[in-house]
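Comments concern the structure below.
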Amino acid sequence: MNAIEVHNVSKSYGKVKALDDVSFTVGKGEVFGIIGPDGAGKTSLYRILCTLLLPDQGTATVDGFDTVKQMTDIRRRVGYMPGKFSLYQDLTVQENLEFFATLFGTTVEEGYDSIKAIYSQIERFKDRKAGALSGGMKQKLALSCALVHSPSVLFLDEPTTGVDPVSRKEFWDMLGNLKDREITIVASTPYLDEVRRCERVAFLDKGKVCGIGTPDEILTRFANVFNPPGIEHGKAETQSQHGEPDNVIEVEHLVKAFGSFHAVDDISFTVKRGEIFGFLGANGAGKTTAMHMLTGLNQPTSGTGRVVGYDIRTEHEQIKKHIGYMSQRFSLYEDLTVAENIRLFAGIYGMDDKEIARKTDELLDRLQFAEHKNTLVASLPLGWKQKLAFSVSIFHEPGVVFLDEPTGGVDPATRRQFWELIYDAAGRGITVFVTTHYMDEAEYCDRISIMVDGKIKAMGTPDELKQKYNQPDMDHVFTYLARQATRSSD
Amino acid sequence: MTLKYLIQKEFTQIRRNAFLPKLIIVFPIMIMCVMPWVMNMEVKNIKVTVVDNDRSTLSQQLVHSIEASNYFIFEGQQSTYRTALQEIEKSRADVVMVIPQDYSRDMTLGKQPQVLIAANAVNGTKGAMGGAYLTQIVTAHVNPDIAAMQSRVSTLFLYNKNLNFKLFMIPALFAIVMMLMTGFLPALNIVGEKEAGTIEQINVTPVSKWAFILAKLIPYWIIALFVITVCLLLAWAVYGITSVGPLALIYLLVMLLALFWSSFGLMISNYSDTMQQAIFVMWFFVVMMLLLSGLFTPTRSMPSWAYATTYVNPMSYFIDAVRTVFIRGGGITSIWHQLLALLGIGSVMATWAVLSYKKNS
Amino acid sequence: MKQFISFVIKEAKHILRDKRTMLILFGMPLVLMLLFGFAITTDVKNVRTVVVTSSMDHLTRQAVDRLAASEYFTITQVVATPREAERVIRNQKADMAIVFGPDFASKRSGVQLIVDGADPNMAQQWTNYATAVMLNADGGATNAKMLYNPQMKSAYNFVPAIMGMLLMLVCAMMTSISIVREKEKGTMEVLLVSPVKPLMIIIAKAIPYLMLAFVILIIILLMARFVLGVPLAGSLFWIIAVSIIYILLALSLGLLISNVAQTQLVALLLSAMVLLVPIVMLSGMLFPVESMPKILQWISAIIPPRYYIEAMRKLMIMGVGIKEVAKEVLILTGMLALLMTLALAKFNKRLE
């Protein structure tokens, strides 16, 4: 018997067809991937399978039960982690976990083994409120909550967005254990390495199933989406264009402490003009905190730092004039149009109307975005929003731009386009300071640092690091270093 | 210069909102068309029941004059005080008048009869006023001397000859509309940006605190101007009520009040983490300021500690001043100290709103 | 059962952890009770009076002294002409003027009261009091007795109203917001997909708010009795029984709102617009229903707090038996049955 059978399911919201005649089956104990760009209909599919939505047409069964007629039976058997799952911010880590365990009729002790690998990393913060965790740690907690019970079918909607590579590996190892217990798993993911760990995947685009097969089959068939060719980057030229390279960012012995907890623990580094600097680290290693100090959002506890020549302690308003910033949470105004957003931020940086109008048209042409000039940002797909947010953050030609996980949850083709924009900016002499959890992106950087437990463990060009630690690629370098972390496992 | 772009953004956001433009137009109209009818504390329809233990010609005369009075609704007679009280318990009567057994005998003997008036005083004002009027009617019957003296006291009601409650309440409604429109909307504004995450993007730009806050305040001042114009027009069109004093002063007062409320709203918003919190805190202060402002009850009747709060309560200054101008026709000389106080409190609040906005922590 | 309890505990933690909201929730009844109990009164007190007289003869002085001696009036100044008095009143330096004729002593000419008529109720009361004081007519032919509220405290009138407002606010507004918050944050999806029955989720969500409402009710009753000295004249059993009907009613309303609203903001505005404003304005809490035009009286007939406040005024203050409020209680019960059925029938077991 198949664990999941979907026959000709369609679902529309008004005129928008979210799912269009979707059919597939998933065998018992199979790890099945659903991949596809943002807005492909993945979430609607999950909700139909979890009995949260009724299909317009077609039928679906889960574990032999009909999703329309046998709602209670299904709900007793499945586990579901929605994409925008955000836990209870005002409950502590422990309380969240206990609540969900009880909810699913089990206890933390009983389920501990199945979540140990991930939960042990955040267990040390178990009395901290979930709202006070960093983005990636929240996601880990959410994973723990979703896995604490043993359902017969588990639905995971992009469970690892924003999670560092090491933890992602551990998470998939855990899914492997579940598979041994005959649990069927349906998961979606934007990460290629995760796609490869599925037994079969379905590629969903615009509500239609474009293909089902083994990961390799699908990834080769749709190589233009998943496996875009690498980007050529003339590193040497950009630096020499500006004569002798001077330092845009200089940081010495920077510390940020929250009580006795040192989120950033004595870091020192420099970034040269025109450089693309990758700022890597596991979740909770202190990346965002460090970035907030550099951008003048936070005051350091001790240490000194200069950004574009200004002191981060005293001259933060000066710094803000010469930098661009794109935060982890997408933060353009959703209720303004594309042009209005550009106009607002350009105006804030003191451009006049004429200049704004000219540069707006220029930018939109370059992005091939002209027809969406007057579209509300809220109605754009995620990938476009991020490209737009980046373009807005460098619209005033800042000396350095800070990007905090700019490509979270985006498919490989769109990420590639995003990096073309980054190279373009670097080519114009804008220094790029970027954090990411995609190790293929780390390879694109001129130089990277890897933060572990609030300290910088390694720094250099990707090739230097690979040599030094004797690893084949950045993914392995990162895993090798991050596994040495003590902060989260003691 | 950046101010222009920021203000434009605020207006676009208000316009785009599915709810706000409707609210800004419909709300003042609703309030002005419905509230004056509701906020009527006029005491009328007092129901009277009489227990006549005397049953003489004289006592029946008294009963008739109550029946004839258009102030009371005569609910008939009851045979005993007990049954009359039951009428009160059943809400079929508000006041009971008991004429004593020897009413006419006392009257002819020139003695003062004792008529009992028992009023349901759960609502104190209603009980007191019903009792007072009934007393007047009885006194006129029982004591022609005092009645004669009473007739020598004439009363002139200034400014509001017909004792029209709507005239009293309409200027107060301006205060309520301003409070809701320019107080609650800003309270949701910054905390809304916090929840959407856009505030972080603004915080890394070089925009100055003053420009950012000012850009958020100005749209509400313009809304205030629009809203007060609508209110004044409606007061004239629907109720035929216009300001006796200069309109310019009304506008000035309204703008000063808008300065206070919009700054106060933003200040609350700066300190709040969620919209729910902002609304709750706002609501708390609004209720307190409203109740202590003299809008419903005279401030001078309050005990001294409560009266002391009116010195820092902008609503109290506003309501005092706007009634003086609108109803009594006072000029700038009548209200200059309220104007100064409003300006002072408003400026302090605006500064607080700017200082409480933290671009860097 | 274990799931149910842990659900209730979780919900209680949400409430307890939000310190600011807690402060408001418990601060509000306290402050309201104190304000209505001690500060908000329509007593005639400290009425600023101007005396207008051209000659201060013996009889005039006597009348003025009598006014000044009463706690109702304060003589602020003496002017010569009514015109001056009018100016003083306009500038809000006085509320009332008493004009004594030039030959007041000879009893031929009378007294004129010039009263600031802006506030009609107060203007009439000032007139009544002033006449009474000057003519020394108090305690004449009538013997006035103020039933139920001999000191005429406004608290007697407002305590039931505060109960009606706060209980509705806590139950309806807070419940709807807390349910909608889970929808917004995506946790509702997980809860629905879990083995817990949807009805259980709702009941578990409602219980902490029910208890909160109960605590607030007790606080108000205790304060009314011991701080404000409002008697709880009627049977405590029925006061609490009727309150429970009302609390359940409010919870059903909150549940209905949470079905309609998709975001917290909408839930907040809906509760404020369709609950709070009509309650404050049309329930007879501040403004007497019978003074309203007919059409508003009809609208107020469908507002639950109107009946609750009415019933509480009778039960608590007047101390009547349950029979006298049977009508109100029956209407409330009917509304409760209707709203509860509607809310449960409408509750979405899925996302649509």
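Each chain of the structure tokens is named A, B, ... in the order shown, its residues numbered from 1; ligands are numbered from 1 in display order.
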Would you give me, as a compact mmCIF listing (two decimals) with all heavy atoms, in the first residue's frame, the residues of chain A that come within 9 Å of chain B, using only C-alpha atoms?
```
# COMPACT_ATOMS: atom_id res chain seq x y z
N THR A 295 26.96 48.04 11.51
CA THR A 295 26.04 48.95 10.83
C THR A 295 25.48 50.01 11.76
O THR A 295 24.64 50.81 11.36
CB THR A 295 24.86 48.17 10.22
OG1 THR A 295 24.31 47.33 11.24
CG2 THR A 295 25.29 47.32 9.06
N GLY A 296 25.93 50.03 13.01
CA GLY A 296 25.49 51.08 13.92
C GLY A 296 24.13 50.84 14.53
O GLY A 296 23.51 51.74 15.06
N LEU A 297 23.62 49.61 14.44
CA LEU A 297 22.35 49.31 15.10
C LEU A 297 22.56 48.99 16.56
O LEU A 297 21.65 49.12 17.38
CB LEU A 297 21.65 48.13 14.41
CG LEU A 297 20.99 48.40 13.08
CD1 LEU A 297 20.48 47.11 12.45
CD2 LEU A 297 19.84 49.39 13.24
N ASN A 298 23.76 48.55 16.89
CA ASN A 298 24.07 48.13 18.25
C ASN A 298 25.41 48.72 18.69
O ASN A 298 26.29 48.91 17.86
CB ASN A 298 24.20 46.61 18.30
CG ASN A 298 22.98 45.97 18.92
OD1 ASN A 298 22.39 46.56 19.82
ND2 ASN A 298 22.61 44.82 18.44
N GLN A 299 25.53 48.98 19.97
CA GLN A 299 26.81 49.47 20.50
C GLN A 299 27.64 48.28 20.96
O GLN A 299 27.12 47.39 21.62
CB GLN A 299 26.55 50.39 21.70
CG GLN A 299 26.04 51.76 21.35
CD GLN A 299 27.11 52.66 20.78
OE1 GLN A 299 28.27 52.29 20.70
NE2 GLN A 299 26.72 53.84 20.34
N HIS A 316 28.28 56.50 14.46
CA HIS A 316 27.43 55.55 13.72
C HIS A 316 26.51 56.22 12.72
O HIS A 316 26.16 55.65 11.72
CB HIS A 316 26.67 54.61 14.66
CG HIS A 316 26.13 55.25 15.89
ND1 HIS A 316 24.98 55.96 15.88
CD2 HIS A 316 26.62 55.27 17.16
CE1 HIS A 316 24.75 56.40 17.11
NE2 HIS A 316 25.72 56.00 17.90
N GLU A 317 26.09 57.47 13.01
CA GLU A 317 25.21 58.14 12.05
C GLU A 317 25.98 58.50 10.77
O GLU A 317 25.42 58.53 9.69
CB GLU A 317 24.55 59.37 12.67
CG GLU A 317 23.54 59.05 13.78
CD GLU A 317 22.46 58.04 13.35
OE1 GLU A 317 21.78 58.29 12.33
OE2 GLU A 317 22.32 56.99 14.03
N GLN A 318 27.29 58.79 10.93
CA GLN A 318 28.14 59.02 9.75
C GLN A 318 28.27 57.74 8.93
O GLN A 318 28.19 57.76 7.70
CB GLN A 318 29.54 59.50 10.18
CG GLN A 318 29.60 60.93 10.65
CD GLN A 318 29.23 61.89 9.53
OE1 GLN A 318 29.60 61.67 8.38
NE2 GLN A 318 28.48 62.93 9.86
N ILE A 319 28.49 56.65 9.63
CA ILE A 319 28.64 55.37 8.94
C ILE A 319 27.40 55.09 8.09
O ILE A 319 27.49 54.70 6.94
CB ILE A 319 28.83 54.23 9.98
CG1 ILE A 319 30.20 54.37 10.65
CG2 ILE A 319 28.69 52.87 9.31
CD1 ILE A 319 30.46 53.31 11.69
N LYS A 320 26.23 55.36 8.70
CA LYS A 320 24.98 55.01 8.02
C LYS A 320 24.84 55.72 6.67
O LYS A 320 24.14 55.25 5.80
CB LYS A 320 23.79 55.34 8.92
CG LYS A 320 23.65 54.34 10.06
CD LYS A 320 22.57 54.71 11.03
CE LYS A 320 22.56 53.73 12.21
NZ LYS A 320 21.62 54.15 13.26
N LYS A 321 25.51 56.87 6.52
CA LYS A 321 25.45 57.57 5.24
C LYS A 321 26.19 56.82 4.15
O LYS A 321 25.91 57.01 2.97
CB LYS A 321 26.06 58.98 5.37
CG LYS A 321 25.13 59.97 5.98
CD LYS A 321 25.73 61.36 5.93
CE LYS A 321 24.87 62.28 6.80
NZ LYS A 321 25.59 63.44 7.26
N HIS A 322 27.16 56.03 4.53
CA HIS A 322 28.05 55.45 3.53
C HIS A 322 27.92 53.94 3.40
O HIS A 322 28.77 53.31 2.80
CB HIS A 322 29.50 55.83 3.85
CG HIS A 322 29.72 57.30 3.87
ND1 HIS A 322 29.87 58.04 2.72
CD2 HIS A 322 29.76 58.18 4.89
CE1 HIS A 322 30.02 59.32 3.04
NE2 HIS A 322 29.95 59.43 4.37
N ILE A 323 26.88 53.37 3.99
CA ILE A 323 26.73 51.93 3.85
C ILE A 323 25.33 51.59 3.33
O ILE A 323 24.42 52.42 3.36
CB ILE A 323 26.92 51.19 5.20
CG1 ILE A 323 25.87 51.67 6.20
CG2 ILE A 323 28.32 51.39 5.72
CD1 ILE A 323 25.79 50.81 7.43
N GLY A 324 25.21 50.39 2.83
CA GLY A 324 23.90 49.85 2.48
C GLY A 324 23.68 48.62 3.35
O GLY A 324 24.64 48.04 3.86
N TYR A 325 22.41 48.23 3.55
CA TYR A 325 22.15 47.10 4.43
C TYR A 325 20.91 46.37 3.95
O TYR A 325 19.93 46.98 3.56
CB TYR A 325 21.93 47.62 5.85
CG TYR A 325 21.54 46.56 6.87
CD1 TYR A 325 22.45 45.58 7.26
CD2 TYR A 325 20.26 46.55 7.43
CE1 TYR A 325 22.09 44.62 8.19
CE2 TYR A 325 19.90 45.60 8.37
CZ TYR A 325 20.81 44.63 8.74
OH TYR A 325 20.45 43.69 9.66
N MET A 326 21.00 45.06 3.95
CA MET A 326 19.83 44.26 3.60
C MET A 326 19.69 43.22 4.69
O MET A 326 20.57 42.40 4.90
CB MET A 326 20.06 43.60 2.25
CG MET A 326 18.92 42.73 1.80
SD MET A 326 19.29 42.05 0.19
CE MET A 326 18.07 40.75 0.16
N SER A 327 18.57 43.29 5.43
CA SER A 327 18.47 42.44 6.62
C SER A 327 17.96 41.06 6.28
O SER A 327 17.49 40.79 5.19
CB SER A 327 17.57 43.11 7.65
OG SER A 327 16.23 42.92 7.29
N ARG A 329 15.39 39.53 7.54
CA ARG A 329 13.98 39.60 7.20
C ARG A 329 13.85 40.57 6.05
O ARG A 329 14.41 41.64 6.07
CB ARG A 329 13.19 40.16 8.40
CG ARG A 329 13.09 39.21 9.54
CD ARG A 329 12.60 39.94 10.76
NE ARG A 329 11.16 40.22 10.65
CZ ARG A 329 10.53 41.02 11.51
NH1 ARG A 329 11.17 41.61 12.47
NH2 ARG A 329 9.24 41.21 11.40
N PHE A 330 13.10 40.19 5.05
CA PHE A 330 12.91 41.07 3.92
C PHE A 330 12.26 42.35 4.40
O PHE A 330 11.26 42.33 5.07
CB PHE A 330 11.99 40.40 2.91
CG PHE A 330 11.58 41.33 1.84
CD1 PHE A 330 12.48 41.65 0.85
CD2 PHE A 330 10.33 41.91 1.84
CE1 PHE A 330 12.12 42.54 -0.13
CE2 PHE A 330 9.98 42.80 0.86
CZ PHE A 330 10.87 43.12 -0.13
N SER A 331 12.89 43.51 4.09
CA SER A 331 12.37 44.70 4.75
C SER A 331 12.16 45.91 3.86
O SER A 331 12.42 47.02 4.26
CB SER A 331 13.25 45.05 5.93
OG SER A 331 14.58 45.08 5.51
N LEU A 332 11.68 45.70 2.65
CA LEU A 332 11.15 46.85 1.92
C LEU A 332 9.69 46.99 2.34
O LEU A 332 9.10 46.10 2.92
CB LEU A 332 11.24 46.60 0.41
CG LEU A 332 12.65 46.60 -0.18
CD1 LEU A 332 12.59 46.41 -1.67
CD2 LEU A 332 13.39 47.88 0.15
N TYR A 333 9.10 48.15 2.01
CA TYR A 333 7.70 48.34 2.36
C TYR A 333 6.82 47.59 1.38
O TYR A 333 6.79 47.88 0.20
CB TYR A 333 7.36 49.83 2.36
CG TYR A 333 7.96 50.54 3.54
CD1 TYR A 333 9.21 51.14 3.45
CD2 TYR A 333 7.30 50.58 4.75
CE1 TYR A 333 9.77 51.78 4.53
CE2 TYR A 333 7.85 51.22 5.84
CZ TYR A 333 9.09 51.81 5.73
OH TYR A 333 9.66 52.44 6.80
N GLU A 334 6.09 46.61 1.90
CA GLU A 334 5.27 45.76 1.04
C GLU A 334 4.10 46.52 0.44
O GLU A 334 3.57 46.15 -0.60
CB GLU A 334 4.74 44.57 1.84
CG GLU A 334 5.84 43.72 2.43
CD GLU A 334 5.79 42.30 1.91
OE1 GLU A 334 4.69 41.79 1.69
OE2 GLU A 334 6.87 41.72 1.71
N ASP A 335 3.65 47.57 1.13
CA ASP A 335 2.48 48.29 0.63
C ASP A 335 2.86 49.47 -0.26
O ASP A 335 2.02 50.30 -0.59
CB ASP A 335 1.58 48.74 1.79
CG ASP A 335 2.35 49.47 2.87
OD1 ASP A 335 3.60 49.52 2.78
OD2 ASP A 335 1.72 49.96 3.81
N LEU A 336 4.14 49.56 -0.62
CA LEU A 336 4.55 50.57 -1.61
C LEU A 336 4.92 49.84 -2.90
O LEU A 336 5.26 48.67 -2.88
CB LEU A 336 5.75 51.38 -1.11
CG LEU A 336 5.56 52.22 0.16
CD1 LEU A 336 6.82 53.02 0.44
CD2 LEU A 336 4.37 53.16 0.04
N GLU A 340 8.12 53.37 -5.76
CA GLU A 340 7.97 54.17 -4.54
C GLU A 340 9.00 53.79 -3.49
O GLU A 340 9.53 54.64 -2.77
CB GLU A 340 6.56 54.01 -3.97
CG GLU A 340 5.51 54.79 -4.73
CD GLU A 340 4.10 54.32 -4.46
OE1 GLU A 340 3.92 53.28 -3.79
OE2 GLU A 340 3.17 54.99 -4.91
N ASN A 341 9.30 52.50 -3.39
CA ASN A 341 10.34 52.06 -2.47
C ASN A 341 11.69 52.66 -2.84
O ASN A 341 12.42 53.16 -1.98
CB ASN A 341 10.44 50.53 -2.48
CG ASN A 341 9.65 49.91 -1.34
OD1 ASN A 341 9.91 50.18 -0.18
ND2 ASN A 341 8.67 49.10 -1.68
N ARG A 343 12.27 55.32 -4.58
CA ARG A 343 12.19 56.76 -4.37
C ARG A 343 12.38 57.13 -2.91
O ARG A 343 13.13 58.04 -2.56
CB ARG A 343 10.83 57.24 -4.86
CG ARG A 343 10.65 58.72 -4.90
CD ARG A 343 9.24 59.04 -5.39
NE ARG A 343 8.81 60.30 -4.84
CZ ARG A 343 9.23 61.47 -5.30
NH1 ARG A 343 10.04 61.52 -6.33
NH2 ARG A 343 8.83 62.59 -4.73
N LEU A 344 11.74 56.36 -2.04
CA LEU A 344 11.84 56.64 -0.61
C LEU A 344 13.28 56.55 -0.14
O LEU A 344 13.82 57.47 0.47
CB LEU A 344 10.97 55.67 0.18
CG LEU A 344 11.21 55.68 1.69
CD1 LEU A 344 10.74 57.00 2.28
CD2 LEU A 344 10.50 54.53 2.36
N PHE A 345 13.92 55.40 -0.44
CA PHE A 345 15.26 55.21 0.11
C PHE A 345 16.27 56.14 -0.57
O PHE A 345 17.19 56.64 0.07
CB PHE A 345 15.67 53.75 0.03
CG PHE A 345 14.99 52.93 1.07
CD1 PHE A 345 13.89 52.14 0.77
CD2 PHE A 345 15.39 53.01 2.40
CE1 PHE A 345 13.24 51.42 1.75
CE2 PHE A 345 14.74 52.28 3.39
CZ PHE A 345 13.66 51.49 3.06
N ALA A 346 16.07 56.40 -1.87
CA ALA A 346 16.94 57.35 -2.54
C ALA A 346 16.79 58.72 -1.90
O ALA A 346 17.77 59.43 -1.66
CB ALA A 346 16.61 57.40 -4.02
N GLY A 347 15.54 59.09 -1.60
CA GLY A 347 15.27 60.39 -0.99
C GLY A 347 15.94 60.51 0.36
O GLY A 347 16.50 61.56 0.70
N ILE A 348 15.91 59.44 1.11
CA ILE A 348 16.53 59.46 2.44
C ILE A 348 18.03 59.73 2.33
O ILE A 348 18.61 60.43 3.15
CB ILE A 348 16.26 58.12 3.16
CG1 ILE A 348 14.80 58.06 3.60
CG2 ILE A 348 17.18 57.96 4.36
CD1 ILE A 348 14.41 56.77 4.27
N TYR A 349 18.65 59.19 1.26
CA TYR A 349 20.09 59.41 1.09
C TYR A 349 20.38 60.72 0.37
O TYR A 349 21.49 60.94 -0.08
CB TYR A 349 20.72 58.24 0.35
CG TYR A 349 20.82 57.00 1.22
CD1 TYR A 349 19.91 55.97 1.10
CD2 TYR A 349 21.81 56.91 2.20
CE1 TYR A 349 19.98 54.85 1.91
CE2 TYR A 349 21.89 55.80 3.01
CZ TYR A 349 20.99 54.78 2.86
OH TYR A 349 21.06 53.69 3.67
N GLY A 350 19.34 61.56 0.22
CA GLY A 350 19.57 62.91 -0.25
C GLY A 350 19.66 63.10 -1.75
O GLY A 350 20.20 64.10 -2.22
N MET A 351 19.17 62.17 -2.56
CA MET A 351 19.16 62.40 -4.01
C MET A 351 17.98 63.30 -4.34
O MET A 351 16.98 63.32 -3.64
CB MET A 351 18.99 61.08 -4.75
CG MET A 351 20.18 60.17 -4.60
SD MET A 351 19.92 58.73 -5.64
CE MET A 351 20.95 57.57 -4.79
N ASP A 352 18.07 64.02 -5.46
CA ASP A 352 16.93 64.85 -5.83
C ASP A 352 16.05 64.11 -6.85
O ASP A 352 16.41 63.08 -7.40
CB ASP A 352 17.36 66.22 -6.33
CG ASP A 352 18.19 66.13 -7.58
OD1 ASP A 352 17.94 65.22 -8.39
OD2 ASP A 352 19.10 66.97 -7.76
```
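All residues within region 122-226 of chain A that the backbone DSSP calculation assigns to strand (DSSP E or B) are A:Lys129, A:Val153, A:Leu154, A:Phe155, A:Leu156, A:Thr184, A:Ile185, A:Val186, A:Ala187, A:Ser188, A:Arg200, A:Val201, A:Ala202, A:Phe203, A:Leu204, A:Asp205, A:Lys208, A:Val209, A:Cys210, A:Gly211, A:Ile212, A:Gly213.
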Take the residues just selected and output them with N, CA, C and O atoms as a short mmCIF file (atom, residue, chain, number, x, y, z; two decimals), in the first residue's frame.
```cif
data_model
loop_
_atom_site.label_atom_id
_atom_site.label_comp_id
_atom_site.auth_asym_id
_atom_site.auth_seq_id
_atom_site.Cartn_x
_atom_site.Cartn_y
_atom_site.Cartn_z
N LYS A 129 13.68 32.37 26.34
CA LYS A 129 12.45 32.48 25.56
C LYS A 129 12.74 32.26 24.08
O LYS A 129 13.76 32.71 23.58
N VAL A 153 3.34 9.52 8.94
CA VAL A 153 3.75 10.33 7.79
C VAL A 153 4.16 11.71 8.31
O VAL A 153 3.48 12.28 9.15
N LEU A 154 5.28 12.22 7.81
CA LEU A 154 5.78 13.50 8.29
C LEU A 154 5.88 14.47 7.11
O LEU A 154 6.49 14.16 6.09
N PHE A 155 5.23 15.62 7.24
CA PHE A 155 5.29 16.64 6.18
C PHE A 155 6.16 17.80 6.65
O PHE A 155 5.91 18.38 7.71
N LEU A 156 7.17 18.16 5.87
CA LEU A 156 8.08 19.23 6.26
C LEU A 156 8.18 20.25 5.13
O LEU A 156 8.68 19.95 4.06
N THR A 184 7.14 7.60 6.71
CA THR A 184 7.17 8.22 5.39
C THR A 184 7.43 9.72 5.56
O THR A 184 6.85 10.35 6.44
N ILE A 185 8.32 10.26 4.72
CA ILE A 185 8.66 11.67 4.88
C ILE A 185 8.46 12.40 3.56
O ILE A 185 8.93 11.96 2.52
N VAL A 186 7.73 13.51 3.61
CA VAL A 186 7.59 14.37 2.44
C VAL A 186 8.18 15.72 2.83
O VAL A 186 7.73 16.34 3.80
N ALA A 187 9.21 16.15 2.11
CA ALA A 187 9.88 17.39 2.48
C ALA A 187 10.15 18.24 1.25
O ALA A 187 10.33 17.71 0.16
N SER A 188 10.14 19.56 1.45
CA SER A 188 10.56 20.43 0.34
C SER A 188 11.79 21.19 0.79
O SER A 188 12.00 21.41 1.99
N ARG A 200 13.08 9.95 -4.10
CA ARG A 200 12.50 10.47 -5.33
C ARG A 200 12.08 11.91 -5.07
O ARG A 200 11.78 12.29 -3.93
N VAL A 201 12.05 12.72 -6.13
CA VAL A 201 11.57 14.08 -5.95
C VAL A 201 10.56 14.40 -7.05
O VAL A 201 10.60 13.82 -8.14
N ALA A 202 9.65 15.31 -6.71
CA ALA A 202 8.73 15.84 -7.72
C ALA A 202 9.06 17.30 -7.91
O ALA A 202 9.24 18.03 -6.93
N PHE A 203 9.18 17.73 -9.18
CA PHE A 203 9.45 19.13 -9.44
C PHE A 203 8.14 19.82 -9.78
O PHE A 203 7.46 19.48 -10.74
N LEU A 204 7.77 20.76 -8.93
CA LEU A 204 6.50 21.44 -9.06
C LEU A 204 6.76 22.86 -9.56
O LEU A 204 7.63 23.55 -9.03
N ASP A 205 6.04 23.27 -10.62
CA ASP A 205 6.19 24.65 -11.08
C ASP A 205 4.84 25.17 -11.53
O ASP A 205 4.13 24.50 -12.28
N LYS A 208 1.84 22.83 -11.44
CA LYS A 208 1.84 21.57 -12.19
C LYS A 208 3.06 20.73 -11.80
O LYS A 208 4.12 21.27 -11.49
N VAL A 209 2.88 19.42 -11.84
CA VAL A 209 4.03 18.55 -11.64
C VAL A 209 4.78 18.44 -12.96
O VAL A 209 4.25 17.94 -13.95
N CYS A 210 6.02 18.93 -13.00
CA CYS A 210 6.76 18.91 -14.26
C CYS A 210 7.54 17.60 -14.42
O CYS A 210 7.88 17.21 -15.54
N GLY A 211 7.83 16.96 -13.32
CA GLY A 211 8.55 15.69 -13.45
C GLY A 211 8.72 15.03 -12.11
O GLY A 211 8.81 15.71 -11.08
N ILE A 212 8.72 13.70 -12.11
CA ILE A 212 8.98 12.95 -10.89
C ILE A 212 10.07 11.94 -11.21
O ILE A 212 10.03 11.30 -12.26
N GLY A 213 11.03 11.79 -10.31
CA GLY A 213 12.07 10.81 -10.57
C GLY A 213 13.11 10.86 -9.48
O GLY A 213 12.91 11.52 -8.45
#
```
Q: Define the interface residues of chain C facing chain B as those within 6 Å, counting only C-alpha atoms, and report them as a PyMOL selection string.
A: chain C and resi 39+42-43+45+90-91+110-120+141-147+149+152+156-157+287+292
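For chain C, the residues having at least one atom no farther than 6 Å from chain A, when counting only C-alpha atoms, are Gln3, Lys185, Gly186, Val193, Ser194, Pro195, Arg350 and Leu351 of chain C.
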Q.
Between CA of Pro100 (chain B) and CA of Asn53 (chain B), what is the distance in Å, rounded to a tenth?
A. 5.5 Å
Q. Within 9 Å of Leu388 (chain A), counting only C-alpha atoms, which residues qualify if same-chain residues fewer than 3 places away don't, as a list in words?
A. Leu332, Val338, Ile342, Leu367, Gly383, Trp384, Lys385, Ser391, Val392 and Ser393 of chain A
Q: Write down as a ChimeraX atom specification the residues of region 77-170 of chain B whose backbone DSSP state falls under alpha helix (DSSP H).
A: /B:81-89,103-109,124-142,144-152,165-170
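The residue that comes closest to Asn283 (chain A), out of A:Met137, A:Val22, A:Leu363, A:Ile456 and on the basis of only C-alpha atoms, is A:Met137.
CA of Met315 (chain B) sits 9.6 Å away from CA of Trp261 (chain B).
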Q | Spatial neighbours of region 32-36 of chain C, 8 Å, only C-alpha atoms, chain gap at least 4 places, as a ChimeraX atom specification | A | /B:288,291 /C:28,40-41,154-155,158-159,162,220,223-224,228
